[in-house]
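J.: Got a structure for you, start_23.cif, holding mmCIF, C-alpha atoms.
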```cif
data_run
#
loop_
_atom_site.label_atom_id
_atom_site.label_comp_id
_atom_site.auth_asym_id
_atom_site.auth_seq_id
_atom_site.Cartn_x
_atom_site.Cartn_y
_atom_site.Cartn_z
CA ILE A 912 0.00 0.00 0.00
CA SER A 913 1.45 3.31 -1.06
CA PRO A 914 0.98 6.50 0.95
CA ILE A 915 -1.20 9.29 -0.42
CA SER A 916 0.94 11.92 -2.13
CA ASP A 917 0.79 15.63 -1.29
CA ALA A 918 -0.74 16.29 -4.74
CA SER A 919 -3.63 13.98 -3.83
CA LYS A 920 -4.22 15.83 -0.57
CA ALA A 921 -4.58 19.27 -2.20
CA PRO A 922 -8.16 18.80 -3.54
CA PHE A 923 -9.32 17.54 -0.13
CA ALA A 924 -7.80 20.57 1.60
CA ALA A 925 -9.42 22.94 -0.92
CA PHE A 926 -12.79 21.27 -0.45
CA LEU A 927 -12.61 21.45 3.32
CA ARG A 928 -11.62 25.14 3.19
CA ALA A 929 -14.47 26.00 0.78
CA LYS A 930 -16.95 24.11 2.97
CA GLN A 931 -15.68 25.93 6.07
CA ILE A 932 -16.07 29.33 4.35
CA LEU A 933 -19.60 28.48 3.25
CA ILE A 934 -20.62 27.37 6.75
CA GLN A 935 -19.13 30.52 8.32
CA ALA A 936 -20.89 32.75 5.79
CA ARG A 937 -24.21 31.00 6.39
CA ASP A 938 -23.81 31.28 10.15
CA LYS A 939 -22.98 34.98 9.93
CA ASN A 940 -25.83 35.56 7.45
CA LEU A 941 -23.43 36.98 4.84
CA ILE A 942 -24.97 34.98 2.00
CA LEU A 943 -28.62 35.31 2.91
CA GLY A 944 -30.37 38.59 3.14
CA GLU A 945 -34.01 37.65 3.70
CA ALA A 946 -35.00 39.32 0.43
CA ASP A 947 -32.56 37.29 -1.69
CA LYS A 948 -33.36 33.61 -1.27
CA SER A 949 -32.02 32.66 -4.69
CA ARG A 950 -28.45 33.37 -3.56
CA LEU A 951 -28.90 30.88 -0.71
CA ARG A 952 -30.26 28.26 -3.11
CA ILE A 953 -27.27 28.74 -5.41
CA ALA A 954 -24.90 28.51 -2.42
CA GLN A 955 -26.62 25.29 -1.35
CA LEU A 956 -26.26 23.93 -4.89
CA VAL A 957 -22.54 24.78 -4.86
CA ASP A 958 -22.26 23.13 -1.43
CA LYS A 959 -23.86 19.94 -2.76
CA ALA A 960 -21.63 19.99 -5.85
CA LEU A 961 -18.54 20.37 -3.65
CA SER A 962 -19.74 17.45 -1.53
CA VAL A 963 -20.13 15.26 -4.60
CA VAL A 964 -16.64 16.20 -5.81
CA PHE A 965 -15.25 15.46 -2.35
CA TRP A 966 -16.79 11.99 -2.25
CA ILE A 967 -15.58 11.19 -5.75
CA LEU A 968 -12.06 12.19 -4.75
CA ALA A 969 -12.38 10.19 -1.52
CA VAL A 970 -13.38 7.08 -3.48
CA LEU A 971 -10.47 7.60 -5.88
CA ALA A 972 -8.03 7.96 -2.96
CA TRP A 973 -9.50 4.88 -1.30
CA GLN A 974 -9.15 2.79 -4.47
CA GLN A 975 -5.52 3.90 -4.69
CA LEU A 976 -4.89 2.75 -1.12
CA VAL A 977 -6.62 -0.58 -1.67
CA GLY A 978 -4.86 -1.13 -4.97
CA LEU A 979 -7.86 -1.25 -7.30
CA ARG A 980 -7.29 -0.38 -10.92
CA PHE A 981 -8.60 3.01 -11.98
CA SER A 982 -9.86 1.71 -15.33
CA THR A 983 -12.24 -0.73 -13.58
CA LEU A 984 -13.71 2.09 -11.51
CA VAL A 985 -14.14 4.27 -14.60
CA ALA A 986 -15.91 1.47 -16.48
CA VAL A 987 -18.31 0.79 -13.61
CA GLY A 988 -18.92 4.51 -13.14
CA GLY A 989 -19.55 5.00 -16.85
CA VAL A 990 -22.15 2.25 -17.07
CA GLY A 991 -23.78 3.38 -13.81
CA GLY A 992 -23.79 7.01 -14.96
CA LEU A 993 -25.42 6.07 -18.24
CA ALA A 994 -28.16 4.11 -16.45
CA VAL A 995 -28.85 6.91 -13.98
CA GLY A 996 -28.74 9.52 -16.75
CA LEU A 997 -31.32 7.70 -18.84
CA ALA A 998 -33.54 7.12 -15.83
CA ALA A 999 -33.34 10.74 -14.64
CA LYS A 1000 -33.78 12.45 -18.01
CA ASN A 1001 -36.79 14.53 -16.91
CA LEU A 1002 -35.21 15.47 -13.60
CA THR A 1003 -32.07 16.60 -15.40
CA ALA A 1004 -34.11 18.68 -17.88
CA ASN A 1005 -36.01 20.35 -15.02
CA LEU A 1006 -32.80 20.99 -13.07
CA MET A 1007 -31.05 22.56 -16.07
CA SER A 1008 -34.14 24.67 -16.77
CA GLY A 1009 -34.17 25.77 -13.13
CA LEU A 1010 -30.54 26.83 -13.36
CA LEU A 1011 -31.33 28.84 -16.50
CA ILE A 1012 -34.22 30.52 -14.70
CA PHE A 1013 -31.97 31.42 -11.74
CA VAL A 1014 -29.04 32.64 -13.82
CA ASN A 1015 -31.19 34.71 -16.19
CA ARG A 1016 -33.65 35.73 -13.46
CA ALA A 1017 -36.37 34.82 -15.95
CA LEU A 1018 -39.02 34.37 -13.25
CA LEU A 1019 -39.32 36.37 -10.08
CA GLU A 1020 -41.57 35.71 -7.11
CA GLY A 1021 -44.71 37.86 -7.33
CA GLU A 1022 -44.48 38.15 -11.12
CA GLU A 1023 -47.54 37.36 -13.25
CA ILE A 1024 -46.93 34.74 -15.92
CA ARG A 1025 -48.94 33.23 -18.75
CA SER A 1026 -47.85 30.23 -20.81
CA MET A 1027 -48.16 30.34 -24.58
CA ASP A 1028 -50.58 27.41 -24.56
CA GLY A 1029 -52.79 29.20 -21.99
CA LYS A 1030 -52.72 26.35 -19.45
CA ILE A 1031 -50.75 28.30 -16.87
CA HIS A 1032 -51.78 31.83 -15.91
CA GLY A 1033 -51.08 33.22 -12.48
CA VAL A 1034 -48.57 34.68 -10.06
CA VAL A 1035 -45.23 33.02 -9.26
CA GLU A 1036 -45.16 32.04 -5.58
CA LYS A 1037 -41.85 30.15 -5.40
CA VAL A 1038 -39.11 29.38 -7.91
CA GLY A 1039 -37.20 26.19 -7.17
CA LEU A 1040 -34.39 24.35 -8.90
CA VAL A 1041 -36.71 21.64 -10.28
CA ASN A 1042 -40.17 23.20 -10.27
CA THR A 1043 -42.02 26.46 -9.75
CA VAL A 1044 -45.15 27.04 -7.68
CA VAL A 1045 -47.75 29.27 -9.35
CA LEU A 1046 -50.90 30.68 -7.75
CA ARG A 1047 -53.45 30.51 -10.55
CA LEU A 1048 -55.96 33.30 -10.98
CA GLU A 1049 -58.67 30.79 -9.98
CA GLY A 1050 -57.02 30.61 -6.55
CA ASP A 1051 -55.34 27.18 -6.63
CA LEU A 1052 -51.62 26.49 -6.28
CA VAL A 1053 -50.02 24.57 -9.14
CA THR A 1054 -46.53 23.08 -9.20
CA VAL A 1055 -45.08 23.36 -12.69
CA PRO A 1056 -41.87 21.62 -13.83
CA ASN A 1057 -39.27 24.19 -14.88
CA ALA A 1058 -38.70 22.47 -18.22
CA GLN A 1059 -42.37 23.04 -19.06
CA LEU A 1060 -42.03 26.74 -18.20
CA ILE A 1061 -38.96 27.12 -20.38
CA ASP A 1062 -40.66 25.30 -23.29
CA ASN A 1063 -43.80 27.45 -23.05
#
```
Before we go any further, please render this structure as structure tokens.

T.:
Amino acid sequence: ISPISDASKAPFAAFLRAKQILIQARDKNLILGEADKSRLRIAQLVDKALSVVFWILAVLAWQQLVGLRFSTLVAVGGVGGLAVGLAAKNLTANLMSGLLIFVNRALLEGEEIRSMDGKIHGVVEKVGLVNTVVLRLEGDLVTVPNAQLIDN
């Protein structure tokens, strides 16, 4: 078993430092002003992405310690990723649409919207990463997938 090199430790140290900064900012309320909830959602998304990267690097370091071949891990990960990707096609489309909505600030809470097909007409109550809640003019709340909003 070979020891972990200093180059392998650098990504772990960077991840831990970024996570520490994010936690301190959240605790001190530097990221979240009550009026700007989208910044918190984006920070949470970055936090989750950093966690995924950390665990991937941890698995790679572990396989190096155990002596597993990297090519085997890549092959298993590729097949597993393909299966998950095909199964989560709609979720991925809604997530990407949600990111577009956040980045472009296409929908804002309190804004009146109307879809081109006329099925959705109301006021935006909450914009999420996967779906958006709309208060229809008839008075009922409707959860609409973000991909549907982008398409219409």

J.: Would you please work out which residue, of A:Leu961, A:Leu1010, A:Ile953, A:Met1027, is nearest to Gln931 of chain A when using only C-alpha atoms?

T.: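 Looking at the shortest contact to Gln931 of chain A, the residue is A:Leu961.
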
J.: Counting only C-alpha atoms, figure out which residue out of A:Val1045, A:Leu993, A:Ala960, A:Leu1002 gets nearest to Gly1033 of chain A.

T.: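 When distances to Gly1033 of chain A are compared using only C-alpha atoms, the smallest one comes from A:Val1045.
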
J.: I'd like the neighbourhood of Asp1062 of chain A as a PyMOL selection string, where a residue qualifies if any of its atoms comes within 12 Å (using only C-alpha atoms), though same-chain residues fewer than 2 positions away should be ignored.

T.: chain A and resi 1004-1005+1008+1012+1026-1028+1055-1060

J.: In Å to one decimal, how far is atom CA of Gly1009 of chain A from atom CA of Asn1042 of chain A?

T.: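 Taking atom CA of Asn1042 of chain A as the start and atom CA of Gly1009 of chain A as the end point, the length is 7.1 Å.
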
J.: Interatomic distance between atom CA of Gly989 of chain A and atom CA of Met1007 of chain A?

T.: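 Taking atom CA of Gly989 of chain A as the start and atom CA of Met1007 of chain A as the end point, the length is 21.0 Å.
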
J.: Using only C-alpha atoms, which residues sit within 9 Å of Leu1018 of chain A once same-chain residues fewer than 6 positions away are excluded, as a list in words?

T.: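 So, after excluding close chain neighbours, the residues are Ile1012, Ile1024, Val1035 and Val1038 of chain A.
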
J.: Rounded to one decimal in Å, what is the spacing between atom CA of Thr983 of chain A and atom CA of Ser962 of chain A?

T.: 23.1 Å

J.: Can you work out which one of A:Val990, A:Val995, A:Val964, A:Leu1040 has the shortest atom-to-atom distance to Leu1011 of chain A, counting only C-alpha atoms?

T.: A:Leu1040

J.: For a quick check of understanding, using all atoms listed in the file, which of A:Ala929, A:Gly978, A:Leu1006, A:Gly1021 has the smallest distance to Ile1061 of chain A?

T.: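 Going through A:Ala929, A:Gly978, A:Leu1006, A:Gly1021 one by one, the smallest distance to Ile1061 of chain A is for A:Leu1006.
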
J.: Please, which residues are within 10 Å of (-15.8, 22.1, 0.9) by the file's coordinates, counting only C-alpha atoms, and could they come as a list in words?

T.: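 Every polymer residue passing the test: Pro922, Phe923, Ala924, Ala925, Phe926, Leu927, Arg928, Ala929, Lys930, Gln931, Ile932, Leu933, Ile934, Val957, Asp958, Lys959, Ala960, Leu961, Ser962, Val963, Val964 and Phe965 of chain A.
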
J.: Step by step, work through what the PyMOL selection byres ((chain A and resi 1044) around 6) selects in the shown file, and finish by giving those residues as a PDB file with C-alpha atoms, keeping the file's coordinate frame.

T.:
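File part-v6.pdb, as written:
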```pdb
ATOM      1  CA  GLU A1036     -45.160  32.040  -5.580  1.00  0.00           C
ATOM      2  CA  LYS A1037     -41.850  30.150  -5.400  1.00  0.00           C
ATOM      3  CA  THR A1043     -42.020  26.460  -9.750  1.00  0.00           C
ATOM      4  CA  VAL A1045     -47.750  29.270  -9.350  1.00  0.00           C
ATOM      5  CA  VAL A1053     -50.020  24.570  -9.140  1.00  0.00           C
ATOM      6  CA  THR A1054     -46.530  23.080  -9.200  1.00  0.00           C
TER       7      THR A1054
END
```

J.: Emit segment 1024-1048 of chain A of the structure in the block as a file comprising N, CA and C atoms, as a PDB file, in the first residue's frame.

T.:
```pdb
ATOM      1  N   ILE A1024     -47.387  35.450 -14.729  1.00  0.00           N
ATOM      2  CA  ILE A1024     -46.929  34.741 -15.924  1.00  0.00           C
ATOM      3  C   ILE A1024     -48.121  34.127 -16.650  1.00  0.00           C
ATOM      4  N   ARG A1025     -47.936  33.905 -17.931  1.00  0.00           N
ATOM      5  CA  ARG A1025     -48.944  33.227 -18.745  1.00  0.00           C
ATOM      6  C   ARG A1025     -48.196  32.390 -19.772  1.00  0.00           C
ATOM      7  N   SER A1026     -48.508  31.094 -19.829  1.00  0.00           N
ATOM      8  CA  SER A1026     -47.855  30.231 -20.807  1.00  0.00           C
ATOM      9  C   SER A1026     -48.456  30.463 -22.183  1.00  0.00           C
ATOM     10  N   MET A1027     -47.702  30.124 -23.202  1.00  0.00           N
ATOM     11  CA  MET A1027     -48.155  30.339 -24.576  1.00  0.00           C
ATOM     12  C   MET A1027     -49.367  29.471 -24.916  1.00  0.00           C
ATOM     13  N   ASP A1028     -49.442  28.294 -24.292  1.00  0.00           N
ATOM     14  CA  ASP A1028     -50.582  27.413 -24.563  1.00  0.00           C
ATOM     15  C   ASP A1028     -51.810  27.774 -23.714  1.00  0.00           C
ATOM     16  N   GLY A1029     -51.669  28.726 -22.789  1.00  0.00           N
ATOM     17  CA  GLY A1029     -52.793  29.195 -21.989  1.00  0.00           C
ATOM     18  C   GLY A1029     -53.144  28.330 -20.788  1.00  0.00           C
ATOM     19  N   LYS A1030     -52.415  27.247 -20.567  1.00  0.00           N
ATOM     20  CA  LYS A1030     -52.724  26.351 -19.454  1.00  0.00           C
ATOM     21  C   LYS A1030     -52.296  26.930 -18.109  1.00  0.00           C
ATOM     22  N   ILE A1031     -51.268  27.744 -18.110  1.00  0.00           N
ATOM     23  CA  ILE A1031     -50.750  28.298 -16.865  1.00  0.00           C
ATOM     24  C   ILE A1031     -50.875  29.819 -16.932  1.00  0.00           C
ATOM     25  N   HIS A1032     -51.639  30.381 -16.007  1.00  0.00           N
ATOM     26  CA  HIS A1032     -51.779  31.829 -15.915  1.00  0.00           C
ATOM     27  C   HIS A1032     -51.969  32.162 -14.444  1.00  0.00           C
ATOM     28  N   GLY A1033     -51.001  32.881 -13.883  1.00  0.00           N
ATOM     29  CA  GLY A1033     -51.083  33.216 -12.481  1.00  0.00           C
ATOM     30  C   GLY A1033     -49.861  33.968 -12.008  1.00  0.00           C
ATOM     31  N   VAL A1034     -49.667  33.951 -10.690  1.00  0.00           N
ATOM     32  CA  VAL A1034     -48.571  34.678 -10.056  1.00  0.00           C
ATOM     33  C   VAL A1034     -47.572  33.673  -9.497  1.00  0.00           C
ATOM     34  N   VAL A1035     -46.294  33.906  -9.746  1.00  0.00           N
ATOM     35  CA  VAL A1035     -45.228  33.023  -9.256  1.00  0.00           C
ATOM     36  C   VAL A1035     -45.130  33.166  -7.743  1.00  0.00           C
ATOM     37  N   GLU A1036     -45.278  32.042  -7.041  1.00  0.00           N
ATOM     38  CA  GLU A1036     -45.159  32.035  -5.578  1.00  0.00           C
ATOM     39  C   GLU A1036     -43.747  31.664  -5.135  1.00  0.00           C
ATOM     40  N   LYS A1037     -43.176  30.636  -5.787  1.00  0.00           N
ATOM     41  CA  LYS A1037     -41.848  30.152  -5.398  1.00  0.00           C
ATOM     42  C   LYS A1037     -41.165  29.553  -6.610  1.00  0.00           C
ATOM     43  N   VAL A1038     -39.912  29.948  -6.820  1.00  0.00           N
ATOM     44  CA  VAL A1038     -39.114  29.384  -7.907  1.00  0.00           C
ATOM     45  C   VAL A1038     -38.092  28.447  -7.282  1.00  0.00           C
ATOM     46  N   GLY A1039     -38.140  27.179  -7.673  1.00  0.00           N
ATOM     47  CA  GLY A1039     -37.201  26.193  -7.166  1.00  0.00           C
ATOM     48  C   GLY A1039     -36.259  25.728  -8.256  1.00  0.00           C
ATOM     49  N   LEU A1040     -35.337  24.859  -7.907  1.00  0.00           N
ATOM     50  CA  LEU A1040     -34.391  24.347  -8.897  1.00  0.00           C
ATOM     51  C   LEU A1040     -35.054  23.380  -9.871  1.00  0.00           C
ATOM     52  N   VAL A1041     -36.068  22.650  -9.431  1.00  0.00           N
ATOM     53  CA  VAL A1041     -36.706  21.642 -10.277  1.00  0.00           C
ATOM     54  C   VAL A1041     -38.084  22.077 -10.742  1.00  0.00           C
ATOM     55  N   ASN A1042     -38.825  22.778  -9.886  1.00  0.00           N
ATOM     56  CA  ASN A1042     -40.166  23.201 -10.271  1.00  0.00           C
ATOM     57  C   ASN A1042     -40.483  24.573  -9.692  1.00  0.00           C
ATOM     58  N   THR A1043     -41.579  25.140 -10.175  1.00  0.00           N
ATOM     59  CA  THR A1043     -42.019  26.458  -9.750  1.00  0.00           C
ATOM     60  C   THR A1043     -43.464  26.362  -9.297  1.00  0.00           C
ATOM     61  N   VAL A1044     -43.783  27.030  -8.196  1.00  0.00           N
ATOM     62  CA  VAL A1044     -45.152  27.040  -7.679  1.00  0.00           C
ATOM     63  C   VAL A1044     -45.827  28.319  -8.165  1.00  0.00           C
ATOM     64  N   VAL A1045     -47.005  28.148  -8.796  1.00  0.00           N
ATOM     65  CA  VAL A1045     -47.755  29.270  -9.350  1.00  0.00           C
ATOM     66  C   VAL A1045     -49.138  29.296  -8.703  1.00  0.00           C
ATOM     67  N   LEU A1046     -49.546  30.471  -8.252  1.00  0.00           N
ATOM     68  CA  LEU A1046     -50.901  30.678  -7.747  1.00  0.00           C
ATOM     69  C   LEU A1046     -51.742  31.118  -8.934  1.00  0.00           C
ATOM     70  N   ARG A1047     -52.607  30.204  -9.397  1.00  0.00           N
ATOM     71  CA  ARG A1047     -53.446  30.506 -10.553  1.00  0.00           C
ATOM     72  C   ARG A1047     -54.480  31.557 -10.197  1.00  0.00           C
ATOM     73  N   LEU A1048     -54.983  32.233 -11.200  1.00  0.00           N
ATOM     74  CA  LEU A1048     -55.964  33.296 -10.977  1.00  0.00           C
ATOM     75  C   LEU A1048     -57.246  32.743 -10.374  1.00  0.00           C
TER      76      LEU A1048
END
```
